[in-house]
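K.L.:
Next comes the structure file start-v9.pdb, holding PDB, C-alpha atoms, pLDDT in the B column.
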ATOM      1  CA  MET A   1      -0.258  23.839   2.146  1.00 85.00           C
ATOM      2  CA  THR A   2      -3.580  22.135   1.565  1.00 89.00           C
ATOM      3  CA  ALA A   3      -5.608  21.442  -1.574  1.00 88.00           C
ATOM      4  CA  LYS A   4      -9.091  19.946  -1.295  1.00 88.00           C
ATOM      5  CA  ASN A   5     -11.597  18.380  -3.667  1.00 85.00           C
ATOM      6  CA  PHE A   6      -9.717  18.252  -6.971  1.00 89.00           C
ATOM      7  CA  THR A   7      -9.430  15.596  -9.665  1.00 88.00           C
ATOM      8  CA  VAL A   8      -6.630  13.819 -11.497  1.00 89.00           C
ATOM      9  CA  ASP A   9      -7.180  11.942 -14.742  1.00 85.00           C
ATOM     10  CA  THR A  10      -5.886   8.493 -15.597  1.00 81.00           C
ATOM     11  CA  THR A  11      -2.537   8.331 -17.369  1.00 81.00           C
ATOM     12  CA  SER A  12      -4.411   6.832 -20.347  1.00 79.00           C
ATOM     13  CA  ASN A  13      -7.158   9.506 -20.180  1.00 70.00           C
ATOM     14  CA  THR A  14      -9.803   6.783 -20.003  1.00 75.00           C
ATOM     15  CA  GLN A  15     -13.354   8.127 -20.315  1.00 74.00           C
ATOM     16  CA  GLY A  16     -14.744   8.506 -16.772  1.00 79.00           C
ATOM     17  CA  GLY A  17     -11.396   7.597 -15.239  1.00 85.00           C
ATOM     18  CA  TYR A  18     -10.956  10.810 -13.282  1.00 88.00           C
ATOM     19  CA  LEU A  19     -10.178  10.316  -9.603  1.00 90.00           C
ATOM     20  CA  ASP A  20     -11.579  12.744  -7.061  1.00 90.00           C
ATOM     21  CA  VAL A  21      -8.997  13.566  -4.397  1.00 91.00           C
ATOM     22  CA  GLU A  22     -10.428  14.479  -1.019  1.00 89.00           C
ATOM     23  CA  ARG A  23      -7.340  16.265   0.307  1.00 91.00           C
ATOM     24  CA  LEU A  24      -3.645  16.835  -0.345  1.00 92.00           C
ATOM     25  CA  ARG A  25      -1.628  18.309   2.509  1.00 93.00           C
ATOM     26  CA  LEU A  26       2.040  19.297   2.312  1.00 91.00           C
ATOM     27  CA  ASP A  27       4.119  20.415   5.282  1.00 94.00           C
ATOM     28  CA  LEU A  28       7.183  22.436   4.304  1.00 92.00           C
ATOM     29  CA  HIS A  29      10.197  22.423   6.655  1.00 93.00           C
ATOM     30  CA  GLY A  30      13.277  24.649   6.437  1.00 93.00           C
ATOM     31  CA  VAL A  31      11.875  26.963   3.758  1.00 91.00           C
ATOM     32  CA  THR A  32      14.200  29.532   2.205  1.00 90.00           C
ATOM     33  CA  VAL A  33      12.978  32.139  -0.274  1.00 89.00           C
ATOM     34  CA  THR A  34      15.595  32.132  -3.016  1.00 81.00           C
ATOM     35  CA  SER A  35      14.100  34.879  -5.219  1.00 77.00           C
ATOM     36  CA  LEU A  36      11.158  37.173  -4.640  1.00 76.00           C
ATOM     37  CA  THR A  37      11.011  38.294  -8.267  1.00 75.00           C
ATOM     38  CA  ALA A  38      11.057  34.712  -9.615  1.00 64.00           C
ATOM     39  CA  ARG A  39       8.696  33.509  -6.854  1.00 75.00           C
ATOM     40  CA  SER A  40      11.175  30.826  -5.974  1.00 80.00           C
ATOM     41  CA  ALA A  41      11.685  28.980  -2.699  1.00 86.00           C
ATOM     42  CA  GLU A  42      13.355  25.827  -1.454  1.00 90.00           C
ATOM     43  CA  ALA A  43      12.397  23.478   1.357  1.00 91.00           C
ATOM     44  CA  ASN A  44      14.850  21.166   3.107  1.00 94.00           C
ATOM     45  CA  LEU A  45      12.063  18.679   3.782  1.00 95.00           C
ATOM     46  CA  VAL A  46       8.517  18.227   2.504  1.00 94.00           C
ATOM     47  CA  THR A  47       6.148  15.733   4.114  1.00 96.00           C
ATOM     48  CA  GLY A  48       2.485  15.266   3.497  1.00 96.00           C
ATOM     49  CA  THR A  49      -0.529  13.093   2.867  1.00 97.00           C
ATOM     50  CA  LEU A  50      -3.018  12.524   0.108  1.00 95.00           C
ATOM     51  CA  THR A  51      -6.414  11.183   1.187  1.00 95.00           C
ATOM     52  CA  LEU A  52      -8.833   9.207  -0.994  1.00 96.00           C
ATOM     53  CA  SER A  53     -12.241   8.262   0.386  1.00 95.00           C
ATOM     54  CA  TYR A  54     -13.779   4.862  -0.327  1.00 96.00           C
ATOM     55  CA  ASP A  55     -16.743   6.639  -1.934  1.00 95.00           C
ATOM     56  CA  GLN A  56     -14.350   8.341  -4.384  1.00 93.00           C
ATOM     57  CA  LEU A  57     -12.612   5.040  -5.186  1.00 94.00           C
ATOM     58  CA  SER A  58     -15.979   3.276  -5.546  1.00 93.00           C
ATOM     59  CA  GLY A  59     -17.149   6.025  -7.909  1.00 91.00           C
ATOM     60  CA  VAL A  60     -14.184   5.794 -10.266  1.00 91.00           C
ATOM     61  CA  LEU A  61     -14.316   1.980 -10.395  1.00 89.00           C
ATOM     62  CA  SER A  62     -18.075   2.113 -11.045  1.00 88.00           C
ATOM     63  CA  ARG A  63     -17.533   4.585 -13.907  1.00 87.00           C
ATOM     64  CA  LEU A  64     -14.719   2.464 -15.377  1.00 83.00           C
ATOM     65  CA  ALA A  65     -16.848  -0.711 -15.055  1.00 79.00           C
ATOM     66  CA  GLY A  66     -19.417   0.847 -17.371  1.00 72.00           C
ATOM     67  CA  SER A  67     -22.576  -1.235 -17.497  1.00 69.00           C
ATOM     68  CA  GLY A  68     -21.293  -3.615 -14.835  1.00 69.00           C
ATOM     69  CA  GLY A  69     -23.116  -1.753 -12.093  1.00 73.00           C
ATOM     70  CA  PRO A  70     -21.913  -0.150  -8.914  1.00 86.00           C
ATOM     71  CA  VAL A  71     -18.580  -1.250  -7.473  1.00 90.00           C
ATOM     72  CA  LYS A  72     -17.945  -0.903  -3.746  1.00 95.00           C
ATOM     73  CA  VAL A  73     -14.473  -0.256  -2.288  1.00 95.00           C
ATOM     74  CA  ALA A  74     -13.861  -0.623   1.464  1.00 96.00           C
ATOM     75  CA  GLN A  75     -11.039  -1.146   3.940  1.00 96.00           C
ATOM     76  CA  ALA A  76      -9.228  -4.479   3.951  1.00 96.00           C
ATOM     77  CA  PRO A  77      -6.470  -5.657   6.305  1.00 93.00           C
ATOM     78  CA  GLY A  78      -2.900  -6.092   5.149  1.00 90.00           C
ATOM     79  CA  SER A  79      -1.555  -2.759   3.914  1.00 92.00           C
ATOM     80  CA  ASP A  80       2.199  -3.033   3.455  1.00 94.00           C
ATOM     81  CA  GLY A  81       4.633  -0.308   2.472  1.00 94.00           C
ATOM     82  CA  GLN A  82       3.344   1.464  -0.613  1.00 96.00           C
ATOM     83  CA  ALA A  83       0.487  -1.017  -1.174  1.00 96.00           C
ATOM     84  CA  ALA A  84      -2.853  -0.457   0.552  1.00 97.00           C
ATOM     85  CA  ARG A  85      -5.198  -3.445   0.505  1.00 97.00           C
ATOM     86  CA  VAL A  86      -8.834  -2.658  -0.256  1.00 97.00           C
ATOM     87  CA  ARG A  87     -11.966  -4.831  -0.371  1.00 96.00           C
ATOM     88  CA  ILE A  88     -13.684  -4.647  -3.766  1.00 94.00           C
ATOM     89  CA  SER A  89     -17.128  -6.007  -4.580  1.00 93.00           C
ATOM     90  CA  GLY A  90     -19.094  -5.706  -7.809  1.00 90.00           C
ATOM     91  CA  THR A  91     -18.740  -6.397 -11.505  1.00 84.00           C
ATOM     92  CA  VAL A  92     -15.694  -4.960 -13.297  1.00 74.00           C
ATOM     93  CA  GLY A  93     -15.070  -5.525 -16.996  1.00 68.00           C
ATOM     94  CA  GLY A  94     -17.898  -8.016 -17.248  1.00 74.00           C
ATOM     95  CA  ARG A  95     -16.647 -10.285 -14.466  1.00 76.00           C
ATOM     96  CA  GLN A  96     -17.356 -10.521 -10.778  1.00 82.00           C
ATOM     97  CA  ALA A  97     -14.545  -8.836  -8.806  1.00 82.00           C
ATOM     98  CA  ASP A  98     -15.220  -9.733  -5.190  1.00 90.00           C
ATOM     99  CA  GLY A  99     -12.085  -9.895  -3.084  1.00 93.00           C
ATOM    100  CA  THR A 100      -9.011  -7.913  -2.154  1.00 94.00           C
ATOM    101  CA  GLY A 101      -7.496  -5.362  -4.503  1.00 93.00           C
ATOM    102  CA  THR A 102      -4.410  -3.208  -4.169  1.00 95.00           C
ATOM    103  CA  LEU A 103      -3.943   0.537  -4.326  1.00 96.00           C
ATOM    104  CA  LEU A 104      -0.239   1.049  -5.079  1.00 96.00           C
ATOM    105  CA  ALA A 105       1.393   4.472  -4.584  1.00 97.00           C
ATOM    106  CA  GLN A 106       4.888   4.811  -6.066  1.00 96.00           C
ATOM    107  CA  GLY A 107       6.756   7.892  -7.217  1.00 95.00           C
ATOM    108  CA  ASN A 108       3.915  10.212  -8.171  1.00 94.00           C
ATOM    109  CA  GLU A 109       1.601   7.493  -9.522  1.00 95.00           C
ATOM    110  CA  ILE A 110      -1.349   5.712  -7.954  1.00 95.00           C
ATOM    111  CA  SER A 111      -2.682   2.501  -9.476  1.00 95.00           C
ATOM    112  CA  LEU A 112      -5.681   0.440  -8.430  1.00 93.00           C
ATOM    113  CA  SER A 113      -5.826  -3.293  -9.146  1.00 91.00           C
ATOM    114  CA  THR A 114      -8.978  -5.379  -8.831  1.00 87.00           C
ATOM    115  CA  PRO A 115      -9.096  -9.022  -7.675  1.00 86.00           C
ATOM    116  CA  GLY A 116      -7.892 -11.461 -10.342  1.00 77.00           C
ATOM    117  CA  ALA A 117      -6.878  -8.770 -12.856  1.00 78.00           C
ATOM    118  CA  GLU A 118      -3.442  -8.941 -14.465  1.00 78.00           C
ATOM    119  CA  GLN A 119      -3.319  -5.183 -15.134  1.00 82.00           C
ATOM    120  CA  PRO A 120      -4.398  -2.266 -12.906  1.00 86.00           C
ATOM    121  CA  ALA A 121      -7.928  -0.997 -13.520  1.00 83.00           C
ATOM    122  CA  ALA A 122      -6.438   2.498 -13.788  1.00 87.00           C
ATOM    123  CA  THR A 123      -3.312   4.519 -13.049  1.00 92.00           C
ATOM    124  CA  TRP A 124      -3.265   8.197 -12.084  1.00 93.00           C
ATOM    125  CA  ARG A 125      -0.319  10.606 -12.008  1.00 91.00           C
ATOM    126  CA  VAL A 126      -0.430  13.315  -9.328  1.00 91.00           C
ATOM    127  CA  GLU A 127       1.541  16.508  -9.992  1.00 88.00           C
ATOM    128  CA  LEU A 128       3.835  16.870  -6.980  1.00 88.00           C
ATOM    129  CA  PRO A 129       6.750  19.223  -6.410  1.00 87.00           C
ATOM    130  CA  GLU A 130      10.026  17.982  -7.887  1.00 87.00           C
ATOM    131  CA  ASN A 131      11.818  15.456  -5.603  1.00 92.00           C
ATOM    132  CA  VAL A 132       8.600  14.628  -3.699  1.00 94.00           C
ATOM    133  CA  GLY A 133       7.210  11.110  -3.946  1.00 96.00           C
ATOM    134  CA  PHE A 134       4.811   8.701  -2.291  1.00 97.00           C
ATOM    135  CA  SER A 135       6.388   6.739   0.565  1.00 97.00           C
ATOM    136  CA  ALA A 136       3.547   4.658   2.051  1.00 97.00           C
ATOM    137  CA  ALA A 137      -0.124   3.792   1.549  1.00 97.00           C
ATOM    138  CA  ARG A 138      -2.539   2.338   4.051  1.00 96.00           C
ATOM    139  CA  ALA A 139      -6.221   1.601   4.243  1.00 96.00           C
ATOM    140  CA  THR A 140      -7.866   3.353   7.197  1.00 96.00           C
ATOM    141  CA  PRO A 141     -11.504   3.229   8.349  1.00 95.00           C
ATOM    142  CA  ASP A 142     -12.212   6.492   6.452  1.00 92.00           C
ATOM    143  CA  GLY A 143     -10.258   5.903   3.233  1.00 95.00           C
ATOM    144  CA  VAL A 144      -6.780   5.349   1.856  1.00 97.00           C
ATOM    145  CA  ARG A 145      -4.049   7.584   3.243  1.00 97.00           C
ATOM    146  CA  ILE A 146      -0.946   8.023   1.102  1.00 97.00           C
ATOM    147  CA  ASP A 147       2.143   9.521   2.737  1.00 97.00           C
ATOM    148  CA  MET A 148       4.796  11.423   0.812  1.00 97.00           C
ATOM    149  CA  ILE A 149       8.236  12.830   1.449  1.00 97.00           C
ATOM    150  CA  GLY A 150      10.833  14.900  -0.381  1.00 94.00           C
ATOM    151  CA  HIS A 151      14.236  16.398   0.421  1.00 93.00           C
ATOM    152  CA  LEU A 152      15.797  19.579  -0.984  1.00 88.00           C
ATOM    153  CA  VAL A 153      12.667  20.557  -2.878  1.00 88.00           C
ATOM    154  CA  ASN A 154      12.774  23.543  -5.226  1.00 85.00           C
ATOM    155  CA  LEU A 155       9.246  24.939  -4.988  1.00 79.00           C
ATOM    156  CA  GLY A 156       9.703  27.577  -7.687  1.00 69.00           C
ATOM    157  CA  THR A 157      10.281  25.234 -10.628  1.00 48.00           C
ATOM    158  CA  SER A 158       7.448  22.750 -10.115  1.00 44.00           C
ATOM    159  CA  ARG A 159       4.116  22.907 -11.909  1.00 47.00           C
ATOM    160  CA  PHE A 160       2.547  22.481  -8.470  1.00 47.00           C
ATOM    161  CA  SER A 161       3.655  25.966  -7.371  1.00 42.00           C
ATOM    162  CA  ARG A 162       1.912  27.830 -10.198  1.00 40.00           C
TER     163      ARG A 162
END
What is this file in structure tokens?

P.N.:
Amino acid sequence: MTAKNFTVDTTSNTQGGYLDVERLRLDLHGVTVTSLTARSAEANLVTGTLTLSYDQLSGVLSRLAGSGGPVKVAQAPGSDGQAARVRISGTVGGRQADGTGTLLAQGNEISLSTPGAEQPAATWRVELPENVGFSAARATPDGVRIDMIGHLVNLGTSRFSR
């Protein structure tokens, strides 16, 4: 299953904090239809990826920075586990934010921290099928790729399936 070009809002519903998602892909393995009338199915294993371009990340940080001007997000070395390192340059919250930030993907939430900030600039919650969560994040030349996995997923009861 693939979904392209959709948005998720920040968990705090911050004005301009919507995040454009380039692509969400889910691969379903061992699918069993449990009820045709209830439109219910189960998958033994769900794997997938969520892709965020640097332009999309730059756009949301620029909107959140307000009058600070454009903020640029690019690849940085050092992604580890669920934390993708990204290079951030520009003015965020009235201060210069040049350096390495972190995009953290845990559970079904993505947060983006800027250099020197104690709190994430924003956090987004992505509606995923029940029992599916983010397992890794890495900065690639084209954007941040977030991997996900889930076992024994009931596809008929999630908001994602509607």

K.L.:
Residues of region 62-128 of chain A that have any atom at most 12 Å from an atom of region 21-36 of chain A: could you tabulate them with the shortest-distance atom pair and the distance in Å to one decimal, using all atoms listed in the file, ordered by chain and increasing number, as JSON lines?

P.N.:
{"residue": "A:Ile110", "atom": "CA", "partner": "A:Val21", "partner_atom": "CA", "distance": 11.5}
{"residue": "A:Trp124", "atom": "CA", "partner": "A:Val21", "partner_atom": "CA", "distance": 11.0}
{"residue": "A:Arg125", "atom": "CA", "partner": "A:Val21", "partner_atom": "CA", "distance": 11.9}
{"residue": "A:Val126", "atom": "CA", "partner": "A:Val21", "partner_atom": "CA", "distance": 9.9}
{"residue": "A:Glu127", "atom": "CA", "partner": "A:Leu24", "partner_atom": "CA", "distance": 11.0}
{"residue": "A:Leu128", "atom": "CA", "partner": "A:Leu26", "partner_atom": "CA", "distance": 9.8}

K.L.:
Translate the PyMOL selection byres ((chain A and resi 16) around 8), as applied to the file shown, into an explicit residue set as a VMD selection string.

P.N.:
chain A and resid 14 to 15 17 to 18 60 63 to 64

K.L.:
Please dump the current selection as a PDB file, keeping the file's coordinate frame; keep C-alpha atoms.

P.N.:
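Once everything was written out, this is out_1.pdb:
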ATOM      1  CA  THR A  14      -9.803   6.783 -20.003  1.00 75.00           C
ATOM      2  CA  GLN A  15     -13.354   8.127 -20.315  1.00 74.00           C
ATOM      3  CA  GLY A  17     -11.396   7.597 -15.239  1.00 85.00           C
ATOM      4  CA  TYR A  18     -10.956  10.810 -13.282  1.00 88.00           C
ATOM      5  CA  VAL A  60     -14.184   5.794 -10.266  1.00 91.00           C
ATOM      6  CA  ARG A  63     -17.533   4.585 -13.907  1.00 87.00           C
ATOM      7  CA  LEU A  64     -14.719   2.464 -15.377  1.00 83.00           C
TER       8      LEU A  64
END

K.L.:
The PyMOL selection byres ((chain A and resi 88) around 10) on the file shown: which residues, as a list in words?

P.N.:
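With the shown file as input, the PyMOL selection byres ((chain A and resi 88) around 10) matches Leu57, Ser58, Leu61, Val71, Lys72, Val73, Ala74, Gln75, Ala76, Arg85, Val86, Arg87, Ser89, Gly90, Thr91, Val92, Gln96, Ala97, Asp98, Gly99, Thr100, Gly101, Thr102, Ser113, Thr114 and Pro115 of chain A.
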
K.L.:
Draw an axis-aligned box over all listed atoms of region 27-44 of chain A, pad each side with 8 Å, and write its centre and edge lengths in Å, one decimal, as JSON.

P.N.:
{"center_x": 9.9, "center_y": 29.4, "center_z": -1.5, "size_x": 27.5, "size_y": 33.9, "size_z": 32.3}

K.L.:
What does the structure give for the distance between CA of Pro129 (chain A) and CA of Asn154 (chain A), in Å to one decimal?

P.N.:
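Separation between CA of Pro129 (chain A) and CA of Asn154 (chain A): 7.5 Å.
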
K.L.:
Please fill the gaps in region 36-58 of chain A so it has N, CA and C atoms, and write that as a compact mmCIF listing (two decimals), in the frame of the given file.

P.N.:
# COMPACT_ATOMS: atom_id res chain seq x y z
N LEU A 36 12.49 36.61 -4.70
CA LEU A 36 11.16 37.17 -4.64
C LEU A 36 10.62 37.46 -6.04
N THR A 37 11.47 37.95 -6.93
CA THR A 37 11.01 38.29 -8.27
C THR A 37 10.64 37.04 -9.08
N ALA A 38 11.35 35.95 -8.88
CA ALA A 38 11.06 34.71 -9.62
C ALA A 38 10.07 33.83 -8.86
N ARG A 39 9.62 34.29 -7.68
CA ARG A 39 8.70 33.51 -6.85
C ARG A 39 9.25 32.11 -6.61
N SER A 40 10.47 32.08 -6.15
CA SER A 40 11.18 30.83 -5.97
C SER A 40 11.50 30.60 -4.50
N ALA A 41 11.35 29.35 -4.07
CA ALA A 41 11.68 28.98 -2.70
C ALA A 41 12.14 27.53 -2.69
N GLU A 42 12.89 27.19 -1.65
CA GLU A 42 13.36 25.83 -1.45
C GLU A 42 12.96 25.36 -0.07
N ALA A 43 12.70 24.08 0.06
CA ALA A 43 12.40 23.48 1.36
C ALA A 43 13.36 22.32 1.58
N ASN A 44 13.94 22.27 2.78
CA ASN A 44 14.85 21.17 3.11
C ASN A 44 14.11 19.84 3.16
N LEU A 45 12.86 19.89 3.63
CA LEU A 45 12.06 18.68 3.78
C LEU A 45 10.60 19.00 3.51
N VAL A 46 9.95 18.13 2.74
CA VAL A 46 8.52 18.23 2.50
C VAL A 46 7.91 16.88 2.89
N THR A 47 6.91 16.93 3.76
CA THR A 47 6.15 15.73 4.11
C THR A 47 4.68 16.04 3.84
N GLY A 48 3.90 15.01 3.73
CA GLY A 48 2.48 15.27 3.50
C GLY A 48 1.68 14.00 3.32
N THR A 49 0.39 14.21 3.08
CA THR A 49 -0.53 13.09 2.87
C THR A 49 -1.52 13.45 1.76
N LEU A 50 -1.96 12.42 1.08
CA LEU A 50 -3.02 12.52 0.11
C LEU A 50 -4.09 11.55 0.58
N THR A 51 -5.33 12.01 0.66
CA THR A 51 -6.41 11.18 1.19
C THR A 51 -7.45 10.92 0.10
N LEU A 52 -7.80 9.64 -0.05
CA LEU A 52 -8.83 9.21 -0.99
C LEU A 52 -9.92 8.49 -0.20
N SER A 53 -11.16 8.93 -0.33
CA SER A 53 -12.24 8.26 0.39
C SER A 53 -12.66 7.01 -0.38
N TYR A 54 -13.27 6.07 0.32
CA TYR A 54 -13.78 4.86 -0.33
C TYR A 54 -14.90 5.20 -1.30
N ASP A 55 -15.70 6.22 -1.00
CA ASP A 55 -16.74 6.64 -1.93
C ASP A 55 -16.13 7.11 -3.25
N GLN A 56 -15.01 7.87 -3.18
CA GLN A 56 -14.35 8.34 -4.38
C GLN A 56 -13.78 7.18 -5.19
N LEU A 57 -13.16 6.22 -4.50
CA LEU A 57 -12.61 5.04 -5.19
C LEU A 57 -13.73 4.18 -5.77
N SER A 58 -14.82 4.03 -5.04
CA SER A 58 -15.98 3.28 -5.55
C SER A 58 -16.54 3.95 -6.79
